[in-house]
file entry_10.pdb (PDB, C-alpha atoms)
ATOM      1  CA  MET A 101       4.495 -16.112 -32.311
ATOM      2  CA  SER A 102       6.419 -14.152 -34.904
ATOM      3  CA  GLY A 103       8.963 -11.501 -34.014
ATOM      4  CA  PHE A 104       9.519 -12.597 -30.405
ATOM      5  CA  ALA A 105      13.336 -12.593 -30.503
ATOM      6  CA  VAL A 106      13.551  -9.266 -32.345
ATOM      7  CA  PHE A 107      11.093  -7.519 -30.035
ATOM      8  CA  ALA A 108      12.719  -9.013 -26.928
ATOM      9  CA  HIS A 109      16.063  -7.614 -28.093
ATOM     10  CA  LYS A 110      14.461  -4.219 -28.660
ATOM     11  CA  GLU A 111      12.896  -4.301 -25.196
ATOM     12  CA  ALA A 112      16.216  -5.179 -23.554
ATOM     13  CA  ARG A 113      17.968  -2.294 -25.328
ATOM     14  CA  GLU A 114      15.173   0.050 -24.302
ATOM     15  CA  ILE A 115      15.728  -0.810 -20.634
ATOM     16  CA  LEU A 116      19.373   0.192 -20.965
ATOM     17  CA  ARG A 117      18.490   3.510 -22.637
ATOM     18  CA  THR A 118      15.599   4.734 -20.489
ATOM     19  CA  TRP A 119      14.864   5.614 -16.863
ATOM     20  CA  ARG A 120      14.182   1.960 -16.020
ATOM     21  CA  ILE A 121      17.943   1.305 -15.844
ATOM     22  CA  TRP A 122      18.202   3.770 -12.960
ATOM     23  CA  VAL A 123      15.092   3.568 -10.776
ATOM     24  CA  LEU A 124      14.680  -0.047  -9.668
ATOM     25  CA  PRO A 125      18.418  -0.833  -9.858
ATOM     26  CA  GLY A 126      19.143   2.294  -7.803
ATOM     27  CA  ILE A 127      16.636   1.277  -5.133
ATOM     28  CA  LEU A 128      18.007  -2.258  -4.849
ATOM     29  CA  LEU A 129      21.630  -1.124  -4.849
ATOM     30  CA  PHE A 130      20.909   1.370  -2.065
ATOM     31  CA  PHE A 131      19.323  -1.329   0.092
ATOM     32  CA  ALA A 132      22.109  -3.808  -0.661
ATOM     33  CA  LEU A 133      24.802  -1.305   0.339
ATOM     34  CA  THR A 134      23.129   0.023   3.473
ATOM     35  CA  GLY A 135      21.275  -3.030   4.825
ATOM     36  CA  PRO A 136      24.182  -4.903   6.447
ATOM     37  CA  VAL A 137      25.608  -1.725   7.991
ATOM     38  CA  LEU A 138      22.221  -0.674   9.388
ATOM     39  CA  ALA A 139      21.642  -4.160  10.770
ATOM     40  CA  LYS A 140      24.992  -3.989  12.571
ATOM     41  CA  LEU A 141      24.434  -0.482  13.952
ATOM     42  CA  THR A 142      20.738  -0.739  14.840
ATOM     43  CA  PRO A 143      21.293  -1.309  18.604
ATOM     44  CA  GLN A 144      23.583   1.732  18.815
ATOM     45  CA  ILE A 145      21.187   3.888  16.778
ATOM     46  CA  VAL A 146      18.175   2.887  18.860
ATOM     47  CA  GLY A 147      20.120   3.393  22.075
ATOM     48  CA  ALA A 148      21.244   6.853  21.008
ATOM     49  CA  LEU A 149      17.809   8.002  19.854
ATOM     50  CA  ALA A 150      15.555   6.330  22.416
ATOM     51  CA  GLY A 151      17.812   5.217  25.239
ATOM     52  CA  ASP A 152      15.786   7.025  27.922
ATOM     53  CA  GLN A 153      12.533   5.385  26.811
ATOM     54  CA  LEU A 154      13.953   1.846  26.858
ATOM     55  CA  ASN A 155      14.275   1.777  30.669
ATOM     56  CA  GLY A 156      17.480  -0.202  30.605
ATOM     57  CA  PHE A 157      16.319  -2.665  27.949
ATOM     58  CA  THR A 158      19.150  -3.710  25.653
ATOM     59  CA  MET A 159      18.612  -5.030  22.159
ATOM     60  CA  PRO A 160      20.107  -8.420  21.292
ATOM     61  CA  THR A 161      23.437  -8.445  19.510
ATOM     62  CA  PRO A 162      22.776  -8.409  15.750
ATOM     63  CA  THR A 163      23.945 -11.294  13.577
ATOM     64  CA  TYR A 164      24.375 -11.862   9.867
ATOM     65  CA  LEU A 165      20.783 -13.153   9.793
ATOM     66  CA  ASP A 166      19.603  -9.662  10.697
ATOM     67  CA  ALA A 167      21.319  -8.316   7.581
ATOM     68  CA  TYR A 168      19.699 -11.017   5.455
ATOM     69  CA  THR A 169      16.297 -10.291   6.952
ATOM     70  CA  GLN A 170      16.760  -6.571   6.298
ATOM     71  CA  TRP A 171      17.507  -7.233   2.622
ATOM     72  CA  ILE A 172      14.420  -9.409   2.161
ATOM     73  CA  LYS A 173      12.217  -6.999   4.095
ATOM     74  CA  ASN A 174      13.300  -4.176   1.795
ATOM     75  CA  LEU A 175      12.582  -6.339  -1.246
ATOM     76  CA  SER A 176       9.168  -7.352   0.098
ATOM     77  CA  GLN A 177       8.063  -3.823   0.889
ATOM     78  CA  ILE A 178       9.576  -0.796  -0.855
ATOM     79  CA  ALA A 179      11.098  -2.672  -3.793
ATOM     80  CA  LEU A 180       7.877  -4.565  -4.513
ATOM     81  CA  PHE A 181       5.802  -1.388  -4.277
ATOM     82  CA  ALA A 182       8.224   0.306  -6.672
ATOM     83  CA  LEU A 183       7.978  -2.650  -9.052
ATOM     84  CA  ILE A 184       4.173  -2.457  -9.061
ATOM     85  CA  ILE A 185       4.208   1.277  -9.742
ATOM     86  CA  ILE A 186       6.929   1.090 -12.411
ATOM     87  CA  TYR A 187       5.185  -1.685 -14.340
ATOM     88  CA  GLY A 188       1.698  -0.235 -14.093
ATOM     89  CA  GLY A 189       2.143   1.031 -17.659
ATOM     90  CA  ILE A 190       4.208  -1.807 -19.102
ATOM     91  CA  ILE A 191       1.636  -2.307 -21.902
ATOM     92  CA  SER A 192      -0.734   0.662 -21.667
ATOM     93  CA  SER A 193       2.043   3.269 -21.972
ATOM     94  CA  GLU A 194       3.137   1.734 -25.288
ATOM     95  CA  CYS A 195      -0.457   1.803 -26.529
ATOM     96  CA  LYS A 196      -1.006   5.390 -25.405
ATOM     97  CA  SER A 197       2.199   6.655 -27.023
ATOM     98  CA  GLY A 198       1.485   4.850 -30.282
ATOM     99  CA  THR A 199       4.599   2.679 -30.022
ATOM    100  CA  ALA A 200       2.529  -0.505 -29.887
ATOM    101  CA  VAL A 201       0.786   0.316 -33.172
ATOM    102  CA  LEU A 202       4.117   1.070 -34.840
ATOM    103  CA  VAL A 203       5.695  -2.167 -33.583
ATOM    104  CA  LEU A 204       2.695  -4.303 -34.537
ATOM    105  CA  THR A 205       2.835  -3.067 -38.138
ATOM    106  CA  LYS A 206       6.130  -4.960 -38.299
ATOM    107  CA  PRO A 207       6.252  -8.777 -38.332
ATOM    108  CA  VAL A 208       5.607  -8.922 -34.585
ATOM    109  CA  SER A 209       2.486 -10.678 -33.330
ATOM    110  CA  ARG A 210       0.462  -9.423 -30.400
ATOM    111  CA  SER A 211       1.345 -12.582 -28.492
ATOM    112  CA  ALA A 212       5.051 -11.957 -29.011
ATOM    113  CA  PHE A 213       4.602  -8.341 -27.892
ATOM    114  CA  VAL A 214       3.086  -9.295 -24.521
ATOM    115  CA  ILE A 215       5.182 -12.384 -23.801
ATOM    116  CA  ALA A 216       8.437 -10.632 -24.693
ATOM    117  CA  LYS A 217       7.563  -7.774 -22.339
ATOM    118  CA  ALA A 218       6.903 -10.132 -19.438
ATOM    119  CA  ALA A 219       9.942 -12.329 -20.162
ATOM    120  CA  VAL A 220      12.483  -9.526 -20.615
ATOM    121  CA  HIS A 221      11.421  -7.637 -17.510
ATOM    122  CA  SER A 222      11.348 -10.834 -15.449
ATOM    123  CA  ALA A 223      14.918 -11.514 -16.582
ATOM    124  CA  PHE A 224      15.828  -7.909 -15.743
ATOM    125  CA  LEU A 225      14.418  -8.357 -12.239
ATOM    126  CA  ALA A 226      16.357 -11.617 -11.844
ATOM    127  CA  VAL A 227      19.621  -9.875 -12.739
ATOM    128  CA  LEU A 228      18.916  -7.097 -10.233
ATOM    129  CA  VAL A 229      18.004  -9.469  -7.409
ATOM    130  CA  VAL A 230      21.040 -11.679  -7.979
ATOM    131  CA  GLY A 231      23.329  -8.641  -8.162
ATOM    132  CA  GLY A 232      21.853  -7.063  -5.038
ATOM    133  CA  THR A 233      22.034 -10.342  -3.154
ATOM    134  CA  LEU A 234      25.703 -10.728  -4.079
ATOM    135  CA  VAL A 235      26.419  -7.229  -2.735
ATOM    136  CA  THR A 236      24.475  -7.966   0.455
ATOM    137  CA  TRP A 237      26.287 -11.269   0.906
ATOM    138  CA  GLY A 238      29.737  -9.722   0.479
ATOM    139  CA  LEU A 239      29.068  -6.743   2.772
ATOM    140  CA  THR A 240      27.472  -8.963   5.409
ATOM    141  CA  ALA A 241      30.545 -11.178   5.456
ATOM    142  CA  ALA A 242      32.747  -8.088   5.804
ATOM    143  CA  VAL A 243      30.663  -6.433   8.541
ATOM    144  CA  PHE A 244      29.815  -9.522  10.626
ATOM    145  CA  ARG A 245      32.924 -11.579   9.826
ATOM    146  CA  GLN A 246      30.689 -14.422   8.697
ATOM    147  CA  GLY A 247      28.038 -14.886   6.049
ATOM    148  CA  PRO A 248      26.807 -18.399   5.230
ATOM    149  CA  GLY A 249      24.918 -18.151   1.995
ATOM    150  CA  SER A 250      22.123 -20.721   2.237
ATOM    151  CA  ALA A 251      19.607 -18.600   4.165
ATOM    152  CA  LEU A 252      20.251 -15.529   2.025
ATOM    153  CA  TRP A 253      20.086 -17.184  -1.368
ATOM    154  CA  SER A 254      17.102 -19.386  -0.621
ATOM    155  CA  SER A 255      15.112 -16.383   0.612
ATOM    156  CA  ALA A 256      16.190 -14.157  -2.289
ATOM    157  CA  LEU A 257      15.249 -16.750  -4.904
ATOM    158  CA  VAL A 258      11.889 -17.343  -3.247
ATOM    159  CA  TRP A 259      11.220 -13.602  -3.305
ATOM    160  CA  LEU A 260      12.277 -13.494  -6.960
ATOM    161  CA  VAL A 261       9.488 -15.944  -7.803
ATOM    162  CA  PHE A 262       7.073 -13.630  -5.979
ATOM    163  CA  GLY A 263       8.432 -10.652  -7.926
ATOM    164  CA  VAL A 264       8.056 -12.446 -11.271
ATOM    165  CA  LEU A 265       4.463 -13.270 -10.326
ATOM    166  CA  PHE A 266       3.764  -9.577  -9.829
ATOM    167  CA  ILE A 267       5.370  -8.672 -13.154
ATOM    168  CA  ALA A 268       2.947 -11.133 -14.766
ATOM    169  CA  LEU A 269       0.077  -9.602 -12.806
ATOM    170  CA  MET A 270       1.030  -6.064 -13.819
ATOM    171  CA  THR A 271       1.287  -7.166 -17.445
ATOM    172  CA  LEU A 272      -2.330  -8.335 -17.317
ATOM    173  CA  LEU A 273      -3.548  -5.275 -15.420
ATOM    174  CA  SER A 274      -1.760  -2.979 -17.856
ATOM    175  CA  VAL A 275      -3.648  -4.606 -20.718
ATOM    176  CA  LEU A 276      -7.008  -4.390 -18.946
ATOM    177  CA  ILE A 277      -6.599  -0.887 -17.463
ATOM    178  CA  ALA A 278      -5.623   1.969 -19.759
ATOM    179  CA  SER A 279      -4.270   4.152 -16.957
ATOM    180  CA  ALA A 280      -0.854   3.282 -15.525
ATOM    181  CA  ALA A 281      -1.878   4.790 -12.198
ATOM    182  CA  GLY A 282      -5.069   2.730 -12.192
ATOM    183  CA  ALA A 283      -3.168  -0.490 -12.934
ATOM    184  CA  ALA A 284      -0.641   0.323 -10.198
ATOM    185  CA  GLY A 285      -3.467   0.955  -7.730
ATOM    186  CA  ALA A 286      -5.063  -2.362  -8.644
ATOM    187  CA  GLY A 287      -1.689  -4.082  -8.239
ATOM    188  CA  LEU A 288      -1.219  -2.618  -4.764
ATOM    189  CA  GLY A 289      -4.728  -3.761  -3.902
ATOM    190  CA  MET A 290      -3.919  -7.287  -5.064
ATOM    191  CA  TYR A 291      -0.784  -7.266  -2.916
ATOM    192  CA  ALA A 292      -2.898  -6.327   0.104
ATOM    193  CA  LEU A 293      -5.330  -9.167  -0.652
ATOM    194  CA  VAL A 294      -2.478 -11.657  -1.046
ATOM    195  CA  SER A 295      -0.970 -10.570   2.269
ATOM    196  CA  ILE A 296      -4.317 -10.954   4.018
ATOM    197  CA  GLY A 297      -4.958 -14.294   2.299
ATOM    198  CA  ALA A 298      -1.726 -15.686   3.730
ATOM    199  CA  ILE A 299      -3.384 -15.635   7.173
ATOM    200  CA  TRP A 300      -5.728 -18.466   6.123
ATOM    201  CA  LYS A 301      -3.711 -21.660   6.555
ATOM    202  CA  PRO A 302      -4.535 -23.413   3.232
ATOM    203  CA  LEU A 303      -3.605 -20.285   1.256
ATOM    204  CA  GLY A 304      -0.660 -19.594   3.518
ATOM    205  CA  THR A 305       0.689 -23.103   2.922
ATOM    206  CA  TYR A 306       0.068 -24.018  -0.706
ATOM    207  CA  SER A 307      -0.726 -20.870  -2.676
ATOM    208  CA  PRO A 308       1.420 -17.935  -3.863
ATOM    209  CA  ALA A 309       0.205 -16.054  -0.781
ATOM    210  CA  ALA A 310       2.682 -18.121   1.246
ATOM    211  CA  LEU A 311       5.591 -16.433  -0.505
ATOM    212  CA  ALA A 312       4.594 -13.099   1.026
ATOM    213  CA  THR A 313       6.063 -14.285   4.332
ATOM    214  CA  ALA A 314       8.163 -17.328   3.391
ATOM    215  CA  ALA A 315      11.124 -15.309   2.096
ATOM    216  CA  SER A 316      11.509 -13.412   5.387
ATOM    217  CA  SER A 317      11.285 -16.638   7.381
ATOM    218  CA  LEU A 318      13.993 -18.250   5.271
ATOM    219  CA  ALA A 319      16.226 -15.194   5.676
ATOM    220  CA  ALA A 320      15.867 -15.528   9.450
ATOM    221  CA  GLY A 321      17.213 -19.072   9.252
ATOM    222  CA  LYS A 322      13.874 -20.845   9.692
ATOM    223  CA  HIS A 323      12.816 -23.932   7.782
ATOM    224  CA  VAL A 324       9.824 -23.240   5.540
ATOM    225  CA  ALA A 325       8.223 -25.546   2.978
ATOM    226  CA  VAL A 326       8.088 -23.559  -0.258
ATOM    227  CA  LEU A 327       7.788 -26.171  -3.008
ATOM    228  CA  TRP A 328       4.017 -25.879  -3.460
ATOM    229  CA  PRO A 329       3.917 -22.067  -3.210
ATOM    230  CA  ILE A 330       6.689 -21.802  -5.809
ATOM    231  CA  LEU A 331       4.973 -24.219  -8.200
ATOM    232  CA  THR A 332       1.585 -22.528  -7.864
ATOM    233  CA  SER A 333       3.195 -19.096  -8.268
ATOM    234  CA  LEU A 334       4.948 -20.072 -11.495
ATOM    235  CA  LEU A 335       1.780 -21.671 -12.863
ATOM    236  CA  LEU A 336      -0.255 -18.601 -11.936
ATOM    237  CA  ALA A 337       2.339 -16.293 -13.516
ATOM    238  CA  ALA A 338       2.142 -18.278 -16.768
ATOM    239  CA  ALA A 339      -1.667 -18.157 -16.637
ATOM    240  CA  LEU A 340      -1.663 -14.378 -16.060
ATOM    241  CA  VAL A 341       0.620 -13.800 -19.051
ATOM    242  CA  ALA A 342      -1.592 -16.095 -21.163
ATOM    243  CA  LEU A 343      -4.667 -14.083 -20.120
ATOM    244  CA  ALA A 344      -2.828 -10.841 -20.886
ATOM    245  CA  THR A 345      -1.987 -12.180 -24.342
ATOM    246  CA  LEU A 346      -5.602 -13.179 -24.989
ATOM    247  CA  ALA A 347      -6.909  -9.824 -23.778
ATOM    248  CA  PHE A 348      -4.380  -7.881 -25.850
ATOM    249  CA  ARG A 349      -5.387  -9.762 -28.997
ATOM    250  CA  ARG A 350      -8.935  -8.503 -28.514
ATOM    251  CA  ARG A 351      -7.996  -4.949 -27.572
ATOM    252  CA  ASP A 352      -8.516  -2.084 -29.995
ATOM    253  CA  LEU A 353      -5.372  -0.025 -30.491
TER     254      LEU A 353
END

call {"tool": "encode", "arguments": {"input": "entry_10.pdb", "output": "structure tokens"}}
result
Amino acid sequence: MSGFAVFAHKEAREILRTWRIWVLPGILLFFALTGPVLAKLTPQIVGALAGDQLNGFTMPTPTYLDAYTQWIKNLSQIALFALIIIYGGIISSECKSGTAVLVLTKPVSRSAFVIAKAAVHSAFLAVLVVGGTLVTWGLTAAVFRQGPGSALWSSALVWLVFGVLFIALMTLLSVLIASAAGAAGAGLGMYALVSIGAIWKPLGTYSPAALATAASSLAAGKHVAVLWPILTSLLLAAALVALATLAFRRRDL
């Protein structure tokens, strides 16, 4: 797998010099900064906007767990959708622009090209999630005057595994589908199937589908068994990258 380290370094520098350094980080930073405050003020906001329709019903007093749940919910919905759309062209855009051909004329193998892409962007996502979780943790402690970290960090790390799985999936789809929009659409469809699959107990207990809901449950302070879903997710992510590598070797550039 020649050229892996060199290409991985190039890919990391490219992240810092292109729009990717602004879009996903900006989304996560916005949610990290606003989530705890919104969680604290939600009862007042709802009361002010819909007080007459509530017929005297009062919302429960928010706790730090509400801020944690808000952070994970934002990761599981808008951030994941953004990730799928952003990485729809992780491979195909390089092929379409001719960059892939130029890189592969150097001592960089096709395997190194695909694996470095998946590895660097998974590491990039890990940095963003850890940074956003730190911001959420600090603001939650400031807003609610308490912020035990176990529920937040366990849920964030579980979601990170789910996010890495989708980076692997988008890597494969971007090899198989020439259009970035088409790959993103297929990725969103796969997310819908995974979410539906979690309803069936075997899938919702042992497969990666369990992670679609497990992170939110952990953020709410509930005990959830996640060992098997994490293991199967990591194995599936590795298999998806291996399939992407095999498919890219056979693809005409």

call {"tool": "closest_residue", "arguments": {"input": "entry_10.pdb", "among": "A:Ala344, A:Leu331, A:Thr163, A:Gly103", "to": "Ala212 (chain A)", "atoms": "only C-alpha atoms"}}
result
A:Gly103

call {"tool": "closest_atom_pairs", "arguments": {"input": "entry_10.pdb", "of": "region 212-242 of chain A", "to": "region 270-285 of chain A", "cutoff": "10 Å", "atoms": "only C-alpha atoms", "output": "CSV"}}
result
residue,atom,partner,partner_atom,distance
A:Val214,CA,A:Thr271,CA,7.6
A:Ile215,CA,A:Thr271,CA,9.1
A:Lys217,CA,A:Thr271,CA,8.0
A:Ala218,CA,A:Thr271,CA,6.7

call {"tool": "write_last_selection", "arguments": {"input": "entry_10.pdb", "atoms": "C-alpha atoms", "output": "short mmCIF file (atom, residue, chain, number, x, y, z; two decimals), keeping the file's coordinate frame"}}
result
data_model
loop_
_atom_site.label_atom_id
_atom_site.label_comp_id
_atom_site.auth_asym_id
_atom_site.auth_seq_id
_atom_site.Cartn_x
_atom_site.Cartn_y
_atom_site.Cartn_z
CA VAL A 214 3.09 -9.30 -24.52
CA ILE A 215 5.18 -12.38 -23.80
CA LYS A 217 7.56 -7.77 -22.34
CA ALA A 218 6.90 -10.13 -19.44
#

call {"tool": "closest_residue", "arguments": {"input": "entry_10.pdb", "among": "A:Phe213, A:Phe348, A:Trp328, A:Tyr168", "to": "Glu111 (chain A)", "atoms": "only C-alpha atoms"}}
result
A:Phe213

call {"tool": "resolve_selection", "arguments": {"input": "entry_10.pdb", "expression": "the PyMOL selection byres ((chain A and resi 132) around 6)", "output": "list in words"}}
result
Leu129, Phe130, Phe131, Leu133, Thr134, Gly135, Gly232, Val235 and Thr236 of chain A

call {"tool": "closest_residue", "arguments": {"input": "entry_10.pdb", "among": "A:Ile172, A:Ile296, A:Leu336, A:Leu269", "to": "Ala314 (chain A)", "atoms": "all atoms listed in the file"}}
result
A:Ile172

call {"tool": "residues_around", "arguments": {"input": "entry_10.pdb", "residues": "Pro125 (chain A)", "least_positions_apart": "5", "cutoff": "12 Å", "atoms": "only C-alpha atoms", "output": "list in words"}}
result
Ile115, Leu116, Trp119, Arg120, Phe130, Phe131, Ala132, Leu175, Ala179, Ala182, Leu183, Ile186, Phe224, Leu225, Ala226, Val227, Leu228, Val229, Val230, Gly231 and Gly232 of chain A

call {"tool": "closest_residue", "arguments": {"input": "entry_10.pdb", "among": "A:Ala319, A:Leu343, A:Ala338, A:Leu303", "to": "Thr233 (chain A)", "atoms": "only C-alpha atoms"}}
result
A:Ala319

call {"tool": "residues_near_point", "arguments": {"input": "entry_10.pdb", "point": "(10.6, -21.4, 7.0)", "cutoff": "12 Å", "atoms": "only C-alpha atoms", "output": "short mmCIF file (atom, residue, chain, number, x, y, z; two decimals) with C-alpha atoms, in the coordinates of the input"}}
result
data_model
loop_
_atom_site.label_atom_id
_atom_site.label_comp_id
_atom_site.auth_asym_id
_atom_site.auth_seq_id
_atom_site.Cartn_x
_atom_site.Cartn_y
_atom_site.Cartn_z
CA ALA A 251 19.61 -18.60 4.16
CA SER A 254 17.10 -19.39 -0.62
CA SER A 255 15.11 -16.38 0.61
CA VAL A 258 11.89 -17.34 -3.25
CA GLY A 304 -0.66 -19.59 3.52
CA THR A 305 0.69 -23.10 2.92
CA ALA A 310 2.68 -18.12 1.25
CA LEU A 311 5.59 -16.43 -0.50
CA ALA A 312 4.59 -13.10 1.03
CA THR A 313 6.06 -14.28 4.33
CA ALA A 314 8.16 -17.33 3.39
CA ALA A 315 11.12 -15.31 2.10
CA SER A 316 11.51 -13.41 5.39
CA SER A 317 11.28 -16.64 7.38
CA LEU A 318 13.99 -18.25 5.27
CA ALA A 319 16.23 -15.19 5.68
CA ALA A 320 15.87 -15.53 9.45
CA GLY A 321 17.21 -19.07 9.25
CA LYS A 322 13.87 -20.84 9.69
CA HIS A 323 12.82 -23.93 7.78
CA VAL A 324 9.82 -23.24 5.54
CA ALA A 325 8.22 -25.55 2.98
CA VAL A 326 8.09 -23.56 -0.26
CA LEU A 327 7.79 -26.17 -3.01
#

call {"tool": "atom_distance", "arguments": {"input": "entry_10.pdb", "atom1": "CA of Ala337 (chain A)", "atom2": "CA of Trp237 (chain A)"}}
result
28.4 Å

call {"tool": "atom_distance", "arguments": {"input": "entry_10.pdb", "atom1": "CA of Gly189 (chain A)", "atom2": "CA of Ile267 (chain A)"}}
result
11.2 Å

call {"tool": "residues_around", "arguments": {"input": "entry_10.pdb", "residues": "Arg349 (chain A)", "least_positions_apart": "3", "cutoff": "9 Å", "atoms": "all atoms listed in the file", "output": "PyMOL selection string"}}
result
chain A and resi 210-211+344-346+352

call {"tool": "residues_near_point", "arguments": {"input": "entry_10.pdb", "point": "(28.9, -15.1, 6.6)", "cutoff": "12 Å", "atoms": "only C-alpha atoms", "output": "list in words"}}
result
Pro136, Thr163, Tyr164, Leu165, Asp166, Ala167, Tyr168, Leu234, Thr236, Trp237, Gly238, Leu239, Thr240, Ala241, Ala242, Val243, Phe244, Arg245, Gln246, Gly247, Pro248, Gly249, Ser250, Ala251 and Leu252 of chain A

call {"tool": "atom_distance", "arguments": {"input": "entry_10.pdb", "atom1": "CA of Ala268 (chain A)", "atom2": "CA of Tyr291 (chain A)"}}
result
13.0 Å

call {"tool": "closest_residue", "arguments": {"input": "entry_10.pdb", "among": "A:Lys140, A:Lys173, A:Lys301, A:Lys206", "to": "Phe107 (chain A)", "atoms": "all atoms listed in the file"}}
result
A:Lys206

call {"tool": "closest_residue", "arguments": {"input": "entry_10.pdb", "among": "A:Leu138, A:Val261, A:Leu353, A:Ala292", "to": "Ala200 (chain A)", "atoms": "only C-alpha atoms"}}
result
A:Leu353
